[in-house]
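Asker: Handing over run38.pdb, PDB, C-alpha atoms.
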ATOM      1  CA  MET A   1      22.813 -13.703  16.388
ATOM      2  CA  SER A   2      19.920 -12.184  14.456
ATOM      3  CA  ALA A   3      16.749 -11.047  16.184
ATOM      4  CA  GLN A   4      13.678 -13.208  15.688
ATOM      5  CA  VAL A   5      11.112 -11.661  13.357
ATOM      6  CA  SER A   6       7.461 -12.647  13.456
ATOM      7  CA  CYS A   7       4.714 -11.759  10.997
ATOM      8  CA  VAL A   8       1.141 -11.145  12.155
ATOM      9  CA  GLY A   9      -1.812 -10.651   9.825
ATOM     10  CA  LEU A  10      -4.597  -8.313  10.935
ATOM     11  CA  PHE A  11      -8.134  -8.554   9.568
ATOM     12  CA  LEU A  12      -9.786  -5.170  10.149
ATOM     13  CA  GLU A  13     -13.571  -4.996   9.925
ATOM     14  CA  PRO A  14     -15.019  -1.477  10.417
ATOM     15  CA  LEU A  15     -17.866  -1.036  12.883
ATOM     16  CA  ASP A  16     -19.002   2.159  11.162
ATOM     17  CA  THR A  17     -18.419   4.066   7.936
ATOM     18  CA  LEU A  18     -14.763   4.908   7.350
ATOM     19  CA  PHE A  19     -13.969   7.724   4.945
ATOM     20  CA  PHE A  20     -10.489   8.348   3.573
ATOM     21  CA  ARG A  21      -9.727  10.907   0.891
ATOM     22  CA  ASP A  22      -6.813  12.657  -0.752
ATOM     23  CA  GLY A  23      -5.475  16.052   0.326
ATOM     24  CA  ARG A  24      -7.270  18.189  -2.243
ATOM     25  CA  PRO A  25      -9.531  20.877  -0.702
ATOM     26  CA  MET A  26     -13.286  20.386  -0.980
ATOM     27  CA  PHE A  27     -15.295  22.984  -2.902
ATOM     28  CA  ILE A  28     -18.488  23.222  -4.948
ATOM     29  CA  GLY A  29     -18.061  21.387  -8.224
ATOM     30  CA  GLY A  30     -14.795  19.807  -7.121
ATOM     31  CA  ARG A  31     -14.079  16.142  -7.624
ATOM     32  CA  GLY A  32     -13.303  14.084  -4.552
ATOM     33  CA  TYR A  33     -11.530  10.758  -4.436
ATOM     34  CA  THR A  34     -11.883   8.215  -1.663
ATOM     35  CA  MET A  35      -9.483   5.371  -1.145
ATOM     36  CA  LEU A  36      -8.085   2.869   1.288
ATOM     37  CA  PRO A  37      -6.282   4.393   4.259
ATOM     38  CA  THR A  38      -2.731   5.316   3.333
ATOM     39  CA  PRO A  39       0.088   3.086   4.646
ATOM     40  CA  GLN A  40       1.148   5.794   7.114
ATOM     41  CA  THR A  41      -2.433   6.049   8.429
ATOM     42  CA  LEU A  42      -2.578   2.297   9.028
ATOM     43  CA  SER A  43       0.907   2.274  10.551
ATOM     44  CA  GLY A  44      -0.026   5.083  12.944
ATOM     45  CA  ALA A  45      -3.240   3.316  13.969
ATOM     46  CA  VAL A  46      -1.424   0.034  14.669
ATOM     47  CA  ARG A  47       1.341   1.723  16.665
ATOM     48  CA  HIS A  48      -1.229   3.738  18.619
ATOM     49  CA  ALA A  49      -3.136   0.546  19.471
ATOM     50  CA  LEU A  50       0.067  -1.201  20.604
ATOM     51  CA  LEU A  51       1.118   1.735  22.784
ATOM     52  CA  HIS A  52      -2.396   1.968  24.212
ATOM     53  CA  GLN A  53      -2.146  -1.696  25.255
ATOM     54  CA  VAL A  54       0.937  -0.945  27.385
ATOM     55  CA  GLY A  55      -0.693   2.108  29.012
ATOM     56  CA  TYR A  56       1.344   4.772  27.256
ATOM     57  CA  ASP A  57       0.626   8.420  28.217
ATOM     58  CA  PHE A  58      -0.015  10.084  24.854
ATOM     59  CA  ALA A  59      -0.849  13.520  26.286
ATOM     60  CA  TRP A  60       2.492  13.686  28.105
ATOM     61  CA  ALA A  61       4.399  12.532  25.016
ATOM     62  CA  ARG A  62       2.659  15.098  22.799
ATOM     63  CA  GLU A  63       3.628  17.939  25.134
ATOM     64  CA  ARG A  64       7.197  16.660  25.450
ATOM     65  CA  HIS A  65       7.505  16.278  21.676
ATOM     66  CA  GLN A  66       6.312  19.855  21.112
ATOM     67  CA  ARG A  67       9.036  21.107  23.438
ATOM     68  CA  PHE A  68      11.612  19.071  21.530
ATOM     69  CA  ILE A  69      10.404  20.526  18.220
ATOM     70  CA  GLN A  70      10.551  24.085  19.554
ATOM     71  CA  GLN A  71      14.181  23.542  20.523
ATOM     72  CA  ALA A  72      15.097  22.086  17.134
ATOM     73  CA  VAL A  73      16.646  24.454  14.615
ATOM     74  CA  PRO A  74      15.688  23.754  10.984
ATOM     75  CA  PRO A  75      18.344  24.215   8.285
ATOM     76  CA  GLU A  76      18.437  27.530   6.452
ATOM     77  CA  ASP A  77      17.303  25.887   3.226
ATOM     78  CA  ILE A  78      14.957  22.996   4.023
ATOM     79  CA  ARG A  79      14.526  22.200   0.326
ATOM     80  CA  THR A  80      18.149  21.100  -0.034
ATOM     81  CA  ASN A  81      18.309  19.526   3.419
ATOM     82  CA  ARG A  82      14.817  18.030   3.644
ATOM     83  CA  GLN A  83      15.983  14.481   4.375
ATOM     84  CA  ALA A  84      18.264  15.641   7.188
ATOM     85  CA  TRP A  85      15.418  17.683   8.696
ATOM     86  CA  GLU A  86      12.980  14.763   8.440
ATOM     87  CA  ASP A  87      15.549  12.501  10.118
ATOM     88  CA  THR A  88      15.873  15.068  12.921
ATOM     89  CA  LEU A  89      12.099  15.196  13.451
ATOM     90  CA  LYS A  90      11.925  11.395  13.505
ATOM     91  CA  ARG A  91      14.732  11.227  16.078
ATOM     92  CA  LEU A  92      13.005  13.827  18.277
ATOM     93  CA  TRP A  93       9.729  11.909  18.144
ATOM     94  CA  GLU A  94      11.482   8.672  19.104
ATOM     95  CA  GLU A  95      13.212  10.442  21.997
ATOM     96  CA  ALA A  96       9.843  11.730  23.198
ATOM     97  CA  LEU A  97       8.363   8.224  22.994
ATOM     98  CA  LYS A  98      11.277   6.716  24.909
ATOM     99  CA  ALA A  99      11.095   9.435  27.552
ATOM    100  CA  GLY A 100       7.434   8.548  28.049
ATOM    101  CA  GLY A 101       8.243   4.903  28.652
ATOM    102  CA  ALA A 102       7.562   3.411  25.220
ATOM    103  CA  PRO A 103       8.968  -0.135  24.912
ATOM    104  CA  ASP A 104      12.013  -0.570  22.674
ATOM    105  CA  TRP A 105      10.242  -3.073  20.421
ATOM    106  CA  ILE A 106       7.772  -0.424  19.211
ATOM    107  CA  PHE A 107      10.526   1.077  17.023
ATOM    108  CA  SER A 108      11.087  -2.217  15.191
ATOM    109  CA  VAL A 109       7.411  -2.694  14.274
ATOM    110  CA  SER A 110       6.944  -2.594  10.502
ATOM    111  CA  VAL A 111       3.489  -2.349   8.912
ATOM    112  CA  ARG A 112       2.529  -3.335   5.355
ATOM    113  CA  GLY A 113      -0.774  -2.673   3.627
ATOM    114  CA  PRO A 114      -3.650  -2.150   3.748
ATOM    115  CA  TRP A 115      -5.270  -4.402   1.181
ATOM    116  CA  PHE A 116      -8.780  -5.653   0.624
ATOM    117  CA  ALA A 117      -9.553  -9.232   1.631
ATOM    118  CA  ARG A 118     -12.271 -11.705   0.704
ATOM    119  CA  VAL A 119     -13.542 -14.041   3.416
ATOM    120  CA  HIS A 120     -14.112 -17.620   2.311
ATOM    121  CA  GLU A 121     -17.701 -18.810   2.130
ATOM    122  CA  ARG A 122     -17.078 -21.662   4.579
ATOM    123  CA  ILE A 123     -16.630 -19.236   7.485
ATOM    124  CA  LYS A 124     -19.055 -16.542   6.354
ATOM    125  CA  GLY A 125     -20.506 -14.796   9.387
ATOM    126  CA  ASN A 126     -17.516 -15.660  11.586
ATOM    127  CA  ALA A 127     -14.234 -13.866  12.144
ATOM    128  CA  PRO A 128     -11.239 -15.276  10.205
ATOM    129  CA  GLN A 129      -8.849 -17.240  12.404
ATOM    130  CA  THR A 130      -6.004 -18.082  10.009
ATOM    131  CA  ALA A 131      -4.562 -16.804   6.733
ATOM    132  CA  ALA A 132      -6.295 -19.710   4.983
ATOM    133  CA  ASP A 133      -9.680 -18.158   5.823
ATOM    134  CA  VAL A 134      -9.209 -15.110   3.579
ATOM    135  CA  ASP A 135      -7.899 -14.183   0.148
ATOM    136  CA  VAL A 136      -5.845 -10.986   0.085
ATOM    137  CA  LEU A 137      -6.788  -8.893  -2.952
ATOM    138  CA  VAL A 138      -4.426  -6.506  -4.730
ATOM    139  CA  PRO A 139      -5.114  -4.236  -7.732
ATOM    140  CA  VAL A 140      -4.777  -5.945 -11.098
ATOM    141  CA  PRO A 141      -1.362  -5.086 -12.608
ATOM    142  CA  ALA A 142      -1.433  -2.802 -15.638
ATOM    143  CA  LEU A 143       0.031  -5.603 -17.790
ATOM    144  CA  LEU A 144      -3.304  -7.438 -17.967
ATOM    145  CA  TYR A 145      -5.624  -6.491 -20.842
ATOM    146  CA  GLY A 146      -9.085  -7.474 -22.024
ATOM    147  CA  GLU A 147     -11.517  -6.584 -24.796
ATOM    148  CA  LYS A 148     -13.222  -3.218 -24.410
ATOM    149  CA  LYS A 149     -16.746  -3.006 -22.971
ATOM    150  CA  LYS A 150     -16.669  -6.550 -21.679
ATOM    151  CA  SER A 151     -16.437  -7.835 -18.139
ATOM    152  CA  LEU A 152     -14.954 -10.953 -16.642
ATOM    153  CA  GLN A 153     -18.470 -12.243 -15.994
ATOM    154  CA  GLN A 154     -19.141 -12.117 -19.753
ATOM    155  CA  GLY A 155     -16.360 -14.554 -20.496
ATOM    156  CA  GLU A 156     -13.683 -12.037 -21.386
ATOM    157  CA  LYS A 157     -10.451 -13.490 -22.731
ATOM    158  CA  LEU A 158      -7.532 -11.935 -20.882
ATOM    159  CA  ARG A 159      -4.182 -11.127 -22.448
ATOM    160  CA  LEU A 160      -0.854 -10.352 -20.845
ATOM    161  CA  ALA A 161       1.348  -7.583 -22.212
ATOM    162  CA  ARG A 162       4.879  -8.886 -22.724
ATOM    163  CA  PRO A 163       8.192  -7.292 -23.772
ATOM    164  CA  LEU A 164       8.510  -7.133 -27.541
ATOM    165  CA  PRO A 165      11.315  -9.161 -29.133
ATOM    166  CA  ARG A 166      14.445  -7.175 -29.951
ATOM    167  CA  GLU A 167      13.863  -7.590 -33.673
ATOM    168  CA  VAL A 168      10.510  -5.776 -33.372
ATOM    169  CA  SER A 169      10.631  -1.985 -33.101
ATOM    170  CA  VAL A 170       7.964   0.582 -32.224
ATOM    171  CA  PRO A 171       8.158   3.846 -34.213
ATOM    172  CA  GLY A 172       8.996   6.788 -31.968
ATOM    173  CA  TRP A 173       9.724   4.702 -28.865
ATOM    174  CA  ARG A 174      13.050   5.372 -27.163
ATOM    175  CA  PRO A 175      14.162   3.416 -24.090
ATOM    176  CA  HIS A 176      14.950   5.322 -20.905
ATOM    177  CA  ALA A 177      17.837   2.956 -20.240
ATOM    178  CA  GLU A 178      19.848   0.510 -22.294
ATOM    179  CA  GLY A 179      18.229  -2.893 -22.636
ATOM    180  CA  MET A 180      14.668  -1.740 -21.918
ATOM    181  CA  ARG A 181      11.898  -3.088 -24.147
ATOM    182  CA  PRO A 182       8.294  -1.880 -24.588
ATOM    183  CA  VAL A 183       5.554  -4.194 -23.351
ATOM    184  CA  TRP A 184       2.886  -4.943 -25.916
ATOM    185  CA  VAL A 185      -0.168  -7.058 -26.619
ATOM    186  CA  ILE A 186      -0.144  -8.303 -30.200
ATOM    187  CA  SER A 187      -3.809  -8.445 -31.150
ATOM    188  CA  ARG A 188      -6.223  -7.108 -33.758
ATOM    189  CA  GLU A 189      -8.916  -6.559 -31.145
ATOM    190  CA  ASP A 190      -9.574  -3.287 -29.334
ATOM    191  CA  LEU A 191      -8.147  -3.814 -25.852
ATOM    192  CA  GLU A 192      -7.998  -1.895 -22.585
ATOM    193  CA  PRO A 193      -6.370  -2.508 -19.182
ATOM    194  CA  VAL A 194      -8.394  -4.772 -16.903
ATOM    195  CA  SER A 195      -9.656  -3.165 -13.700
ATOM    196  CA  GLY A 196     -10.438  -4.831 -10.406
ATOM    197  CA  PHE A 197      -8.477  -7.041  -8.060
ATOM    198  CA  VAL A 198      -6.520 -10.277  -8.130
ATOM    199  CA  THR A 199      -5.635 -12.740  -5.370
ATOM    200  CA  LEU A 200      -2.045 -13.346  -4.283
ATOM    201  CA  GLU A 201      -2.217 -16.723  -6.016
ATOM    202  CA  GLY A 202      -3.269 -15.006  -9.233
ATOM    203  CA  LEU A 203      -0.546 -12.385  -8.816
ATOM    204  CA  GLY A 204       2.039 -15.141  -8.446
ATOM    205  CA  LYS A 205       0.792 -16.732 -11.653
ATOM    206  CA  LEU A 206       1.129 -13.375 -13.428
ATOM    207  CA  LEU A 207       4.708 -12.974 -12.214
ATOM    208  CA  ARG A 208       5.497 -16.419 -13.611
ATOM    209  CA  GLY A 209       4.195 -15.330 -17.015
ATOM    210  CA  GLY A 210       0.758 -16.919 -16.785
ATOM    211  CA  ILE A 211      -2.748 -15.485 -16.764
ATOM    212  CA  PRO A 212      -4.851 -15.822 -13.581
ATOM    213  CA  GLY A 213      -8.238 -17.482 -13.648
ATOM    214  CA  ARG A 214     -11.447 -15.551 -13.234
TER     215      ARG A 214
END
Step by step, read the file and then write its structure as structure tokens.
Answerer:
Amino acid sequence: MSAQVSCVGLFLEPLDTLFFRDGRPMFIGGRGYTMLPTPQTLSGAVRHALLHQVGYDFAWARERHQRFIQQAVPPEDIRTNRQAWEDTLKRLWEEALKAGGAPDWIFSVSVRGPWFARVHERIKGNAPQTAADVDVLVPVPALLYGEKKKSLQQGEKLRLARPLPREVSVPGWRPHAEGMRPVWVISREDLEPVSGFVTLEGLGKLLRGGIPGR
């Protein structure tokens, strides 16, 4: 008998400025890059919130986990045994959580995302209640092209890069594996990849070989 799996969508609206950046050090003249929180950041926040709801003692678990880590012996060459060492650290952390009274279901929680979302106009000003109240937005796939220096608002005609027929060859192109074909947009116009976001409905249309609407 398989365990029942449920899917819950979370709409997160920040109450203050949230700033997420990559791991490059900050210095004068350096270029910074901000982004959505990484999947592991979101996963940690969700798990922390769930454990907080059941009254978990984080301070006790942190101290217990540090003792577990101190007792662990890393392999002589971590580079060749990195996965085994990471598995050991994960097991020690789970043991510390269990020792602190964490519920068993916390280890089966799986988090996906984050993604941007657009709230429908009909509920503007109110919190979304169902999945039908929002459109999840994902980055436009690199297969979608448009004319250079034009935007979607200017009536840009979009084109989808497709695998070239086998009878058409590209000079200098060599496949990494047998059967691979280059993707190409056959056009005389100067094109560039389209930037921005697309809804899940539009993404589904792309996967079926169509071009999403604006």
Asker: For atom CA of A:Leu144 and atom CA of A:Ala161, quote the distance in Å rounded to one decimal.
Answerer: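 Atom CA of A:Leu144 sits 6.3 Å away from atom CA of A:Ala161.
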Asker: Quick one: residues within 9 Å of A:Pro163, all atoms listed in the file, excluding same-chain residues fewer than 3 positions away - as a PyMOL selection string?
Answerer: chain A and resi 166+180-185
Asker: Just the number, please: distance in Å from atom CA of A:Glu192 to atom CA of A:Arg118, one decimal.
Answerer: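 We find that atom CA of A:Glu192 and atom CA of A:Arg118 lie 25.6 Å from each other.
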Asker: Got a sec to check which residues sit within 10 Å of (-0.5, 3.0, 4.6), counting only C-alpha atoms, and write them as a list in words?
Answerer: Leu36, Pro37, Thr38, Pro39, Gln40, Thr41, Leu42, Ser43, Gly44, Ala45, Val111, Arg112, Gly113, Pro114 and Trp115 of chain A
Asker: I'd like to know which of A:Val140, A:Ala117, A:Ile106, A:Val170 is closest to A:Leu207, using only C-alpha atoms.
Answerer: A:Val140
